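Read through the structure below, which is laid out as structure tokens, and then see the notes.
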Amino acid sequence: MSTAQTGNELLVVEGLKKHFPVTRGIIFQKEIATVKAVDGVSFALREGETLGIVGESGCGKSTLVRCILKLLEPTAGRVLFQGEDITGLSRREMRPLRRNMMMVFQDPYASLNARKRVGFIIGEALELHRIGTPAERRRRVQELLEVVGLNPEHYNRFPHEFSGGQRQRIGVARALAVNPKLIFCDEPVSALDVSVQAQILNLLKDLQREFGLTYVFIAHDLNVVRHISDRVMVMYLGKAVELAVRDELYAQPKHPYTGALLSAVPIPSPDTGRARKSVVLEGDVPNPINPPAACNFHPRCPRFQAGRCDVDTPPLAPILDDHLVACHYPLERWPMDIAEQPAAAAAQPVESAG
Amino acid sequence: MLRYLIRRLLWALVLFIAVTFVTYVIFFLVPANPARLAAGQSATPERVEEVKHFLGLDRPFYVQYGKFLKRLVLEGSLGQSFVTRRSVNEEILRAAPITASLVFGAMVLVLSIAIPLGIFSALRPRSLLDRAAMIYVLIGISLPSFWIGLVLSYVVGFKLGLTPIAGYCEVFSVPEAAICGGLWDWAYHMILPCLTLAIVVAGTYVRFVRAEVMDTLSMDYVRTARAKGAPEPTVIRSHVLRNAMLPVVTMVGMDIGLLLGGAIFIETVFGLNGLGGTAIESIGRFDLPVLQGVVIFGAIAIIAFSLVVDLLYAWIDPRIRLT
Amino acid sequence: MSEPLLDVRDLRTEFSTDDGIVRAVDGVSFTIEPGQVLGIVGESGSGKSVTCLTVMGLNDAKFATSTGEVLFRGEDLLKAPGARLREIRGNEIAMIFQDPMTSLNPVHKIGRQLAEAVLLHEDVPRKQAYARALELLKAVGIPRAERRIDDYPHQFSGGMRQRVMIAMALINNPDLIIADEPTTALDVTTQAQILALLKRLQEDFGSAVIMITHDLGVVAETADEVIVMYAARIVERGHVRSIFNEPRHPYSWGLMGSLPRLDMNVERLYQIPGQPPSLLNPPAGCRFHPRCAYAMPICREQDPALAVTGTDPSHEEACHLDAETKARRAAELVSSLMTGAST
């Protein structure tokens, strides 16, 4: 694989696919199509880094994480955690591994059981993994409450007694309880107000430094992803279209979709914001049941070249060190010009680079 | 739409087979000896064996079920009564119109009480009318149906003498010996039982309609309609009612099916020999084919009405048509 | 100067709840000129949406009471009878809501819902109303509009539904459009489409727009004038450039500093401590003082009024801090954001 493996990867994902069958039929359901929710995604995650995954709704980012965690059974591909292939493991065999991989959810209102006390919610994982005595567990929960910036005396309160931001802190404390190595954050701040969002993002960063955590951070907000990530993967219709070091990706995006995403984000500065030329994509994200052939993005791509983009599927291949892109005609310049068509010279295939 | 229709029909068929099977199993397991009953108290063991053989009760279970199903599907026959030797179909054909009159009559009353009452109390929550409606709901839900029936027949029928207190009159084919008949007599005899059943059922419906309307009133598209400048009656008529009535349609269909099989108390109170009465009678006589017939007929009624409801629903709600 | 299109004066809206009285809008005044785009920013519970629902007269009359004046071309909408309000709603003032998935009635065809808006206000034949609906669907960029006019809402994507909502708002050529978080529920690229569309149509139709949002980026890119709301009050207002280039209220500093930015790297975000206050029992004095890094004793006692303290006479803020400190802090913040931008 082109994702250089040096041996100290915490998590390696290889060619992961999740296809949902679409069936039709009166008695016998025959498969008439598949939704390729995740279609061959590979990446490696180093210990202590944060990988941001961005994409619009329906791009498969949440399904990808659920497959890695084996909450969904992947259709194909492998997931290696600390070098061990966990793809074929049974539910029971997964259990000891689960404490190393925790999740923080999007909706702090829905993801906490309203009938349980906060102490129980945070300590539940400890209990499930049979860690410590009840007294030790209680101490640990109070310690965790303090770590995430809540009052340890609020141990016996119910979730509804907390505000949205505080509930997300509880969600973080719950994920931290069993000292995981890897935390998957699925849109953890998108339901929160701006000022509270900053508190949670700072908290996640502080915890990472303190406990050496590794994050996979899913979000649709490119600003947030930029802030928290070391590397960023952009997904479109089930595929990774670009994967690069954060600064590289934001300063020199290569995939036209990444470019369009970046230029679509409003900038909170009237001078910069209004001066730039933005690329407004036409149309909607296509139906994943019947995605466009070859490069999924070609019908909306400002750099589309007939006979190539709709015929050959571009592989995710390195264009620079640590910068992978799946495009036949990657952007040469940034900010890109909407009318800018691939130069004749660039019309040469670039796939040999891989 | 056609695909949807076919799928619903096939599903109804599967349900039908499952229901008949379960019913048959249950009756097969009943620890009574029908042959002994059929043969009479004084019959010798040999005679009982003979009857058993005659009724087919000595065959293996699956053969009996197969025969039963074959007869049911091919001949549309539910078998013969152990006791009277009459065809079960005849029994049911006699009893079903009585129960149907009761149930449909009641349902018309229920809807004409519950829909306006539910809507008005939803539009004016905490108003006097709303509070009165909620008290009524509480009464309707908590009082047993036979008690309401007895009170009504005592007060309205006996004391005031406004209606008959019992009996049933045919509308169409009036038997020679009948003392009454025709549409007027039918309605005159049915009004009290229908009213009783309606009072019991309407409580739930008022509450349900009220909840649905309130729910719909808080929908974003209702706000959109108001923001367009629509006057409140228009908002209610074209954006609230249709949406709120969708679940009510489902409930009506299910309840009609259910009640056809089980308005037993009210039938008993008013001396109506409908399906409920027939079932009770057959239990007392261990007349399994008749009891089974009533149960299966009830089940078919439920399946048929839920099918009708589903189709109706698909017609009202555009979101369902495509699936 | 011409008469403003909308002149809101000392608007107060209270809701009676089981826990007590919530003052959701507490003394808000602003004006909007014809054709202008006014951005109202604030977090949830700041009163920005309630302000606009009150202008539209769409609060539930059973629980809400409003005082003050809402002068629409000189006519006080708070005192106007229901029939007059219905004449104005959807005709002279139209509204676009946040969630396009739930804002259209699922059981009616798109065409009928659009035509309804015409027929409610104009006595025209049904056919003409449908023709107008079709014209608007084309204007908002619905492909194959002739066919899609007979589709139901569930057959449209979220972005397309928001286009339908915009078509519905514009169908009677309103003078004022109130857009309540019109792009919050949409994906980034769809958001860009909708904002570009709104901007183009606003220019074509010449309507004034009130854009309510929590997204400073959306405001910066669309608004002419900006109002920042906090805990049911206006804390700062001014021209968009003035607000973003010289913010003068500590809450605005906090908001801008706490935003992760696409155009710069910040190691640690500035964070406003604590939570927005409960409106059941808001803090005395300046409502922001419990979370403010610059709070002084006077802030706890006296509620600051909106006042001009800088060079720009149209830029006001409600803060006791001295003008010098404000200017210095604003310059620091903006230059830190600038240097951030250049790295």
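A note on labels: chains of the structure tokens are A, B, ... as shown, every chain counts residues from 1, and ligands are counted from 1 in their shown order.
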
List the neighbours of Ala327 in chain C out to 8 Å using only C-alpha atoms; skip same-chain residues closer than 2 positions along the sequence, and give me the result as a VMD selection string. chain C and resid 246 248 310 323 to 325 329 to 331

Contacts from chain A to chain C, 8 Å maximum, only C-alpha atoms: show me the residue list as a PyMOL selection string. chain A and resi 56-57+163+193-196+198-199+201-202+220-224+226-227+250+260-262+264-271+273-274+280-282+284

For Gln80 in chain B, work out the shell of residues within 12 Å, counting only C-alpha atoms and skipping chain neighbours fewer than 6 positions away, then give it as a list of chain:residue names.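 Listing them by chain and then by number gives B:Ala38, B:Leu55, B:Phe68, B:Arg71, B:Leu72, B:Arg86, B:Ser87, B:Val88, B:Asn89, B:Glu90, B:Glu91, B:Ile92, B:Asp287, B:Leu288, B:Pro289, B:Val290, B:Leu291, B:Gln292, B:Gly293.
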
Grab the residues selected above and save them as a compact mmCIF listing (two decimals), in the first residue's frame with all heavy atoms.
```
# COMPACT_ATOMS: atom_id res chain seq x y z
N ALA B 38 -69.48 -35.54 21.58
CA ALA B 38 -70.33 -35.72 20.41
C ALA B 38 -71.14 -37.01 20.53
O ALA B 38 -72.29 -37.08 20.12
CB ALA B 38 -69.49 -35.73 19.14
N LEU B 55 -65.08 -38.57 13.02
CA LEU B 55 -64.71 -37.15 13.00
C LEU B 55 -63.27 -36.95 12.52
O LEU B 55 -62.81 -35.83 12.37
CB LEU B 55 -64.87 -36.54 14.39
CG LEU B 55 -66.31 -36.43 14.92
CD1 LEU B 55 -66.31 -35.99 16.37
CD2 LEU B 55 -67.10 -35.46 14.06
N PHE B 68 -58.12 -29.87 7.07
CA PHE B 68 -58.84 -28.68 7.49
C PHE B 68 -58.55 -27.51 6.55
O PHE B 68 -59.44 -26.82 6.05
CB PHE B 68 -58.42 -28.34 8.93
CG PHE B 68 -58.78 -26.96 9.37
CD1 PHE B 68 -60.08 -26.66 9.77
CD2 PHE B 68 -57.82 -25.96 9.40
CE1 PHE B 68 -60.41 -25.38 10.17
CE2 PHE B 68 -58.15 -24.67 9.81
CZ PHE B 68 -59.44 -24.39 10.20
N ARG B 71 -60.00 -28.02 3.03
CA ARG B 71 -61.42 -27.76 3.00
C ARG B 71 -61.69 -26.27 3.08
O ARG B 71 -62.54 -25.72 2.39
CB ARG B 71 -62.06 -28.48 4.20
CG ARG B 71 -63.49 -28.88 3.96
CD ARG B 71 -64.00 -29.70 5.12
NE ARG B 71 -63.65 -29.04 6.37
CZ ARG B 71 -63.52 -29.68 7.53
NH1 ARG B 71 -63.68 -30.98 7.61
NH2 ARG B 71 -63.22 -29.03 8.63
N LEU B 72 -60.92 -25.61 3.93
CA LEU B 72 -61.12 -24.17 4.13
C LEU B 72 -60.83 -23.40 2.84
O LEU B 72 -61.60 -22.54 2.42
CB LEU B 72 -60.21 -23.68 5.26
CG LEU B 72 -60.33 -22.21 5.61
CD1 LEU B 72 -61.75 -21.87 6.04
CD2 LEU B 72 -59.36 -21.85 6.73
N ARG B 86 -74.64 -28.82 12.13
CA ARG B 86 -74.84 -27.81 11.09
C ARG B 86 -73.50 -27.30 10.61
O ARG B 86 -72.49 -27.38 11.30
CB ARG B 86 -75.67 -26.63 11.63
CG ARG B 86 -77.15 -26.95 11.73
CD ARG B 86 -77.90 -25.82 12.39
NE ARG B 86 -77.78 -24.57 11.65
CZ ARG B 86 -78.09 -23.38 12.18
NH1 ARG B 86 -78.48 -23.30 13.43
NH2 ARG B 86 -77.99 -22.30 11.45
N SER B 87 -73.51 -26.73 9.42
CA SER B 87 -72.25 -26.21 8.89
C SER B 87 -71.85 -24.97 9.68
O SER B 87 -72.70 -24.12 10.01
CB SER B 87 -72.43 -25.88 7.41
OG SER B 87 -71.87 -24.64 7.12
N VAL B 88 -70.55 -24.86 9.99
CA VAL B 88 -70.05 -23.71 10.75
C VAL B 88 -70.24 -22.44 9.94
O VAL B 88 -70.54 -21.38 10.47
CB VAL B 88 -68.56 -23.92 11.13
CG1 VAL B 88 -68.01 -22.68 11.80
CG2 VAL B 88 -68.43 -25.12 12.04
N ASN B 89 -70.09 -22.55 8.63
CA ASN B 89 -70.28 -21.38 7.76
C ASN B 89 -71.64 -20.75 7.99
O ASN B 89 -71.78 -19.55 8.10
CB ASN B 89 -70.17 -21.79 6.29
CG ASN B 89 -68.77 -22.16 5.92
OD1 ASN B 89 -68.10 -22.81 6.71
ND2 ASN B 89 -68.32 -21.74 4.75
N GLU B 90 -72.65 -21.63 8.07
CA GLU B 90 -74.01 -21.11 8.26
C GLU B 90 -74.11 -20.36 9.57
O GLU B 90 -74.68 -19.27 9.64
CB GLU B 90 -75.01 -22.27 8.28
CG GLU B 90 -75.65 -22.52 6.94
CD GLU B 90 -76.52 -23.78 7.01
OE1 GLU B 90 -77.36 -23.86 7.93
OE2 GLU B 90 -76.29 -24.67 6.17
N GLU B 91 -73.51 -20.97 10.62
CA GLU B 91 -73.52 -20.34 11.93
C GLU B 91 -72.93 -18.93 11.85
O GLU B 91 -73.48 -17.96 12.36
CB GLU B 91 -72.66 -21.16 12.92
CG GLU B 91 -73.35 -22.36 13.51
CD GLU B 91 -74.44 -21.93 14.49
OE1 GLU B 91 -74.15 -21.10 15.37
OE2 GLU B 91 -75.58 -22.42 14.35
N ILE B 92 -71.79 -18.87 11.18
CA ILE B 92 -71.09 -17.59 11.13
C ILE B 92 -71.83 -16.60 10.25
O ILE B 92 -71.95 -15.43 10.59
CB ILE B 92 -69.63 -17.81 10.67
CG1 ILE B 92 -68.88 -18.44 11.85
CG2 ILE B 92 -68.99 -16.50 10.24
CD1 ILE B 92 -67.46 -18.75 11.60
N ASP B 287 -67.79 -27.15 21.57
CA ASP B 287 -68.04 -27.31 20.13
C ASP B 287 -66.89 -26.66 19.37
O ASP B 287 -66.98 -25.53 18.90
CB ASP B 287 -69.38 -26.65 19.78
CG ASP B 287 -69.86 -27.07 18.41
OD1 ASP B 287 -69.06 -27.73 17.69
OD2 ASP B 287 -71.00 -26.74 18.07
N LEU B 288 -65.77 -27.40 19.32
CA LEU B 288 -64.54 -26.81 18.80
C LEU B 288 -64.65 -26.24 17.39
O LEU B 288 -64.16 -25.15 17.14
CB LEU B 288 -63.40 -27.82 18.88
CG LEU B 288 -62.95 -28.14 20.30
CD1 LEU B 288 -61.67 -28.96 20.28
CD2 LEU B 288 -62.75 -26.90 21.12
N PRO B 289 -65.25 -26.91 16.43
CA PRO B 289 -65.29 -26.34 15.07
C PRO B 289 -65.94 -24.96 15.04
O PRO B 289 -65.47 -24.07 14.33
CB PRO B 289 -66.11 -27.35 14.27
CG PRO B 289 -65.92 -28.62 15.01
CD PRO B 289 -65.84 -28.26 16.45
N VAL B 290 -66.99 -24.75 15.81
CA VAL B 290 -67.66 -23.46 15.79
C VAL B 290 -66.75 -22.38 16.39
O VAL B 290 -66.56 -21.31 15.81
CB VAL B 290 -69.00 -23.52 16.55
CG1 VAL B 290 -69.62 -22.14 16.64
CG2 VAL B 290 -69.94 -24.49 15.86
N LEU B 291 -66.17 -22.71 17.55
CA LEU B 291 -65.28 -21.77 18.20
C LEU B 291 -64.12 -21.41 17.26
O LEU B 291 -63.78 -20.23 17.06
CB LEU B 291 -64.74 -22.39 19.49
CG LEU B 291 -63.88 -21.47 20.36
CD1 LEU B 291 -64.63 -20.18 20.66
CD2 LEU B 291 -63.52 -22.18 21.66
N GLN B 292 -63.56 -22.46 16.67
CA GLN B 292 -62.46 -22.26 15.74
C GLN B 292 -62.90 -21.39 14.57
O GLN B 292 -62.19 -20.49 14.13
CB GLN B 292 -62.06 -23.63 15.22
CG GLN B 292 -60.72 -23.68 14.59
CD GLN B 292 -60.41 -25.13 14.22
OE1 GLN B 292 -61.26 -25.85 13.71
NE2 GLN B 292 -59.22 -25.54 14.52
N GLY B 293 -64.10 -21.63 14.09
CA GLY B 293 -64.64 -20.85 12.99
C GLY B 293 -64.71 -19.38 13.34
O GLY B 293 -64.30 -18.52 12.57
```

Report as a tab-separated table the residues of chain C within 9 Å of chain B, each with its shortest atom pair and distance in Å (one decimal), using only C-alpha atoms, ordered by chain and increasing residue number.
```
residue	atom	partner	partner_atom	distance
C:Met56	CA	B:Ala227	CA	7.4
C:Gly57	CA	B:Ala227	CA	8.9
C:Leu58	CA	B:Ala227	CA	7.3
C:Gly82	CA	B:Pro231	CA	8.7
C:Ala83	CA	B:Pro231	CA	7.9
C:Leu85	CA	B:Gly229	CA	7.6
C:Arg86	CA	B:Gly229	CA	4.3
C:Glu87	CA	B:Gly229	CA	6.2
C:Ile88	CA	B:Gly229	CA	7.1
C:Arg89	CA	B:Gly229	CA	4.6
C:Gly90	CA	B:Lys228	CA	3.9
C:Asn91	CA	B:Lys228	CA	7.3
C:Ile93	CA	B:Ala227	CA	8.7
C:Ala94	CA	B:Ala227	CA	6.8
C:Met95	CA	B:Ala227	CA	6.5
C:Ile96	CA	B:Thr224	CA	8.3
C:Phe97	CA	B:Thr224	CA	7.9
C:Asp99	CA	B:Asp220	CA	8.1
C:Thr102	CA	B:Asp220	CA	5.6
C:Ser103	CA	B:Tyr221	CA	4.2
C:Leu104	CA	B:Tyr221	CA	4.9
C:Asn105	CA	B:Tyr221	CA	5.2
C:Pro106	CA	B:Arg319	CA	7.4
C:Val107	CA	B:Asp317	CA	5.8
C:His108	CA	B:Pro318	CA	8.2
C:Gln113	CA	B:Ala225	CA	8.6
C:Glu116	CA	B:Lys228	CA	8.3
C:Ala117	CA	B:Lys228	CA	5.6
C:Val118	CA	B:Lys228	CA	8.9
C:Leu120	CA	B:Ala230	CA	6.4
C:His121	CA	B:Gly229	CA	7.8
C:Tyr152	CA	B:Pro318	CA	7.1
C:Pro153	CA	B:Arg319	CA	8.9
C:His154	CA	B:Arg319	CA	6.6
C:Gln155	CA	B:Arg319	CA	8.5
C:Met168	CA	B:Lys228	CA	8.3
C:Ala169	CA	B:Lys228	CA	7.9
```

If we count only C-alpha atoms, which residues of chain B reach to within 12 Å of chain A? Please list them as a VMD selection string. chain B and resid 2 to 11 13 to 14 323

Using N, CA and C atoms, can you write the selected residues to a file as a PDB file, in the first residue's frame?
```
ATOM      1  N   LEU B   2     -48.566  -1.075  -7.899  1.00  0.00           N
ATOM      2  CA  LEU B   2     -48.999  -2.445  -8.116  1.00  0.00           C
ATOM      3  C   LEU B   2     -48.122  -3.396  -7.312  1.00  0.00           C
ATOM      4  N   ARG B   3     -46.818  -3.092  -7.328  1.00  0.00           N
ATOM      5  CA  ARG B   3     -45.883  -3.922  -6.596  1.00  0.00           C
ATOM      6  C   ARG B   3     -46.220  -3.913  -5.103  1.00  0.00           C
ATOM      7  N   TYR B   4     -46.558  -2.725  -4.623  1.00  0.00           N
ATOM      8  CA  TYR B   4     -46.922  -2.563  -3.229  1.00  0.00           C
ATOM      9  C   TYR B   4     -48.158  -3.396  -2.915  1.00  0.00           C
ATOM     10  N   LEU B   5     -49.121  -3.310  -3.816  1.00  0.00           N
ATOM     11  CA  LEU B   5     -50.373  -4.036  -3.635  1.00  0.00           C
ATOM     12  C   LEU B   5     -50.110  -5.540  -3.563  1.00  0.00           C
ATOM     13  N   ILE B   6     -49.309  -6.053  -4.504  1.00  0.00           N
ATOM     14  CA  ILE B   6     -49.029  -7.482  -4.546  1.00  0.00           C
ATOM     15  C   ILE B   6     -48.310  -7.918  -3.280  1.00  0.00           C
ATOM     16  N   ARG B   7     -47.356  -7.070  -2.847  1.00  0.00           N
ATOM     17  CA  ARG B   7     -46.615  -7.449  -1.656  1.00  0.00           C
ATOM     18  C   ARG B   7     -47.531  -7.499  -0.441  1.00  0.00           C
ATOM     19  N   ARG B   8     -48.428  -6.525  -0.332  1.00  0.00           N
ATOM     20  CA  ARG B   8     -49.353  -6.519   0.795  1.00  0.00           C
ATOM     21  C   ARG B   8     -50.259  -7.761   0.753  1.00  0.00           C
ATOM     22  N   LEU B   9     -50.720  -8.124  -0.445  1.00  0.00           N
ATOM     23  CA  LEU B   9     -51.598  -9.276  -0.575  1.00  0.00           C
ATOM     24  C   LEU B   9     -50.897 -10.557  -0.160  1.00  0.00           C
ATOM     25  N   LEU B  10     -49.657 -10.709  -0.619  1.00  0.00           N
ATOM     26  CA  LEU B  10     -48.911 -11.915  -0.266  1.00  0.00           C
ATOM     27  C   LEU B  10     -48.652 -11.973   1.228  1.00  0.00           C
ATOM     28  N   TRP B  11     -48.373 -10.856   1.764  1.00  0.00           N
ATOM     29  CA  TRP B  11     -48.126 -10.783   3.201  1.00  0.00           C
ATOM     30  C   TRP B  11     -49.394 -11.179   3.956  1.00  0.00           C
ATOM     31  N   LEU B  13     -51.600 -13.211   2.915  1.00  0.00           N
ATOM     32  CA  LEU B  13     -51.724 -14.658   2.752  1.00  0.00           C
ATOM     33  C   LEU B  13     -50.872 -15.397   3.784  1.00  0.00           C
ATOM     34  N   VAL B  14     -49.641 -14.947   3.942  1.00  0.00           N
ATOM     35  CA  VAL B  14     -48.746 -15.555   4.922  1.00  0.00           C
ATOM     36  C   VAL B  14     -49.365 -15.464   6.307  1.00  0.00           C
ATOM     37  N   THR B 323     -42.468   3.076  -1.989  1.00  0.00           N
ATOM     38  CA  THR B 323     -41.720   1.988  -1.365  1.00  0.00           C
ATOM     39  C   THR B 323     -42.344   0.641  -1.672  1.00  0.00           C
TER      40      THR B 323
END
```

Please extract the residues of range 89-249 of chain C with a backbone DSSP assignment of strand (DSSP E or B) and present them as an MDAnalysis selection string. chainID C and resid 89 93:96 176:180 208:213 225:230 233:239

Run DSSP on the backbone and tell me which residues of range 54-202 of chain C come out as helix (DSSP H, G or I); list them as a PyMOL selection string. chain C and resi 54-56+82-88+110-119+126-139+145-148+153-155+158-170+188-202

Give me, please, the distance in Å between CA of Arg137 in chain A and CA of Ala175 in chain A, quoted to one decimal.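 Pair CA of Arg137 in chain A / CA of Ala175 in chain A returns 14.5 Å.
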
Would you pick out the contacts of Arg99 in chain A at 7 Å or less, using only C-alpha atoms, so that residues sharing its chain but fewer than 2 positions from it are not included, and give the list as a PDB file with N, CA, C and O atoms, in the first residue's frame?
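Final file, out09.pdb:
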```pdb
ATOM      1  N   PRO A  96     -12.032  -7.682  24.702  1.00  0.00           N
ATOM      2  CA  PRO A  96     -10.870  -7.060  25.351  1.00  0.00           C
ATOM      3  C   PRO A  96     -10.269  -5.910  24.530  1.00  0.00           C
ATOM      4  O   PRO A  96      -9.668  -4.998  25.096  1.00  0.00           O
ATOM      5  N   LEU A  97     -10.471  -5.959  23.202  1.00  0.00           N
ATOM      6  CA  LEU A  97      -9.924  -4.897  22.371  1.00  0.00           C
ATOM      7  C   LEU A  97     -10.748  -3.620  22.456  1.00  0.00           C
ATOM      8  O   LEU A  97     -10.245  -2.527  22.258  1.00  0.00           O
ATOM      9  N   MET A 101     -10.503   1.053  22.118  1.00  0.00           N
ATOM     10  CA  MET A 101     -11.088   1.880  21.070  1.00  0.00           C
ATOM     11  C   MET A 101     -12.440   2.387  21.549  1.00  0.00           C
ATOM     12  O   MET A 101     -13.401   1.632  21.604  1.00  0.00           O
ATOM     13  N   MET A 102     -12.528   3.631  21.912  1.00  0.00           N
ATOM     14  CA  MET A 102     -13.787   4.160  22.406  1.00  0.00           C
ATOM     15  C   MET A 102     -14.336   5.193  21.424  1.00  0.00           C
ATOM     16  O   MET A 102     -13.662   5.589  20.496  1.00  0.00           O
ATOM     17  N   VAL A 178     -11.734   3.821  30.464  1.00  0.00           N
ATOM     18  CA  VAL A 178     -10.949   2.587  30.483  1.00  0.00           C
ATOM     19  C   VAL A 178      -9.564   2.792  29.878  1.00  0.00           C
ATOM     20  O   VAL A 178      -8.916   1.834  29.455  1.00  0.00           O
ATOM     21  N   PRO A 180      -8.411   4.236  26.960  1.00  0.00           N
ATOM     22  CA  PRO A 180      -8.261   3.714  25.602  1.00  0.00           C
ATOM     23  C   PRO A 180      -7.043   4.337  24.929  1.00  0.00           C
ATOM     24  O   PRO A 180      -6.529   5.362  25.375  1.00  0.00           O
TER      25      PRO A 180
END
```

Write out as a PyMOL selection string the residues lying within 12 Å of Val110 in chain B, counting only C-alpha atoms and excluding same-chain residues fewer than 2 positions away. chain B and resi 102-108+112-118+140+194-206+209+248+252+255-256

Long-range neighbours of Leu241 in chain B as a list in words, 10 Å cut-off, only C-alpha atoms, 6 positions minimum in chain: Ile115, Ile119, Val209, Glu212, Val213, Thr216, Leu217 and Val235 of chain B

Same residues, N, CA, C and O atoms, output as a PDB file, in the first residue's frame:
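Dumped everything to selection-v6.pdb:
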```pdb
ATOM      1  N   ILE B 115     -63.774  12.704  16.363  1.00  0.00           N
ATOM      2  CA  ILE B 115     -63.000  13.609  15.512  1.00  0.00           C
ATOM      3  C   ILE B 115     -63.263  15.080  15.856  1.00  0.00           C
ATOM      4  O   ILE B 115     -62.329  15.804  16.179  1.00  0.00           O
ATOM      5  N   ILE B 119     -60.433  17.326  17.819  1.00  0.00           N
ATOM      6  CA  ILE B 119     -59.869  18.506  17.165  1.00  0.00           C
ATOM      7  C   ILE B 119     -60.097  19.749  18.013  1.00  0.00           C
ATOM      8  O   ILE B 119     -59.167  20.516  18.263  1.00  0.00           O
ATOM      9  N   VAL B 209     -57.019  11.396  18.767  1.00  0.00           N
ATOM     10  CA  VAL B 209     -57.163  12.480  17.786  1.00  0.00           C
ATOM     11  C   VAL B 209     -56.566  13.763  18.345  1.00  0.00           C
ATOM     12  O   VAL B 209     -55.826  14.479  17.661  1.00  0.00           O
ATOM     13  N   GLU B 212     -52.794  13.589  18.176  1.00  0.00           N
ATOM     14  CA  GLU B 212     -52.298  13.694  16.800  1.00  0.00           C
ATOM     15  C   GLU B 212     -52.400  15.119  16.280  1.00  0.00           C
ATOM     16  O   GLU B 212     -51.492  15.623  15.633  1.00  0.00           O
ATOM     17  N   VAL B 213     -53.539  15.759  16.555  1.00  0.00           N
ATOM     18  CA  VAL B 213     -53.721  17.126  16.056  1.00  0.00           C
ATOM     19  C   VAL B 213     -52.724  18.065  16.732  1.00  0.00           C
ATOM     20  O   VAL B 213     -52.091  18.896  16.088  1.00  0.00           O
ATOM     21  N   THR B 216     -49.366  17.546  15.182  1.00  0.00           N
ATOM     22  CA  THR B 216     -49.263  18.122  13.844  1.00  0.00           C
ATOM     23  C   THR B 216     -49.191  19.645  13.907  1.00  0.00           C
ATOM     24  O   THR B 216     -48.473  20.266  13.130  1.00  0.00           O
ATOM     25  N   LEU B 217     -49.924  20.224  14.870  1.00  0.00           N
ATOM     26  CA  LEU B 217     -49.904  21.685  14.992  1.00  0.00           C
ATOM     27  C   LEU B 217     -48.505  22.218  15.276  1.00  0.00           C
ATOM     28  O   LEU B 217     -48.177  23.343  14.944  1.00  0.00           O
ATOM     29  N   VAL B 235     -55.234  26.802   7.581  1.00  0.00           N
ATOM     30  CA  VAL B 235     -54.091  26.048   8.106  1.00  0.00           C
ATOM     31  C   VAL B 235     -54.579  24.701   8.632  1.00  0.00           C
ATOM     32  O   VAL B 235     -54.024  23.653   8.301  1.00  0.00           O
TER      33      VAL B 235
END
```

Between CA of Val147 in chain A and CA of Arg209 in chain A, what is the distance, to one decimal in Å?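 Computing it gives 12.7 Å between the two atoms.
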
In Å to one decimal, how far is CA of Glu33 in chain C from CA of Phe72 in chain C?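 About the pair CA of Phe72 in chain C and CA of Glu33 in chain C: they are 10.7 Å apart.
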
Would you pick out the contacts of range 236-242 of chain A at 10 Å or less, using only C-alpha atoms, so that residues sharing its chain but fewer than 3 positions from it are not included, and give the list as a PyMOL selection string? chain A and resi 16-19+35-43+53-61+63-64+232-233+249+253-258+285-288+291-292+295-297+314-318+323-327
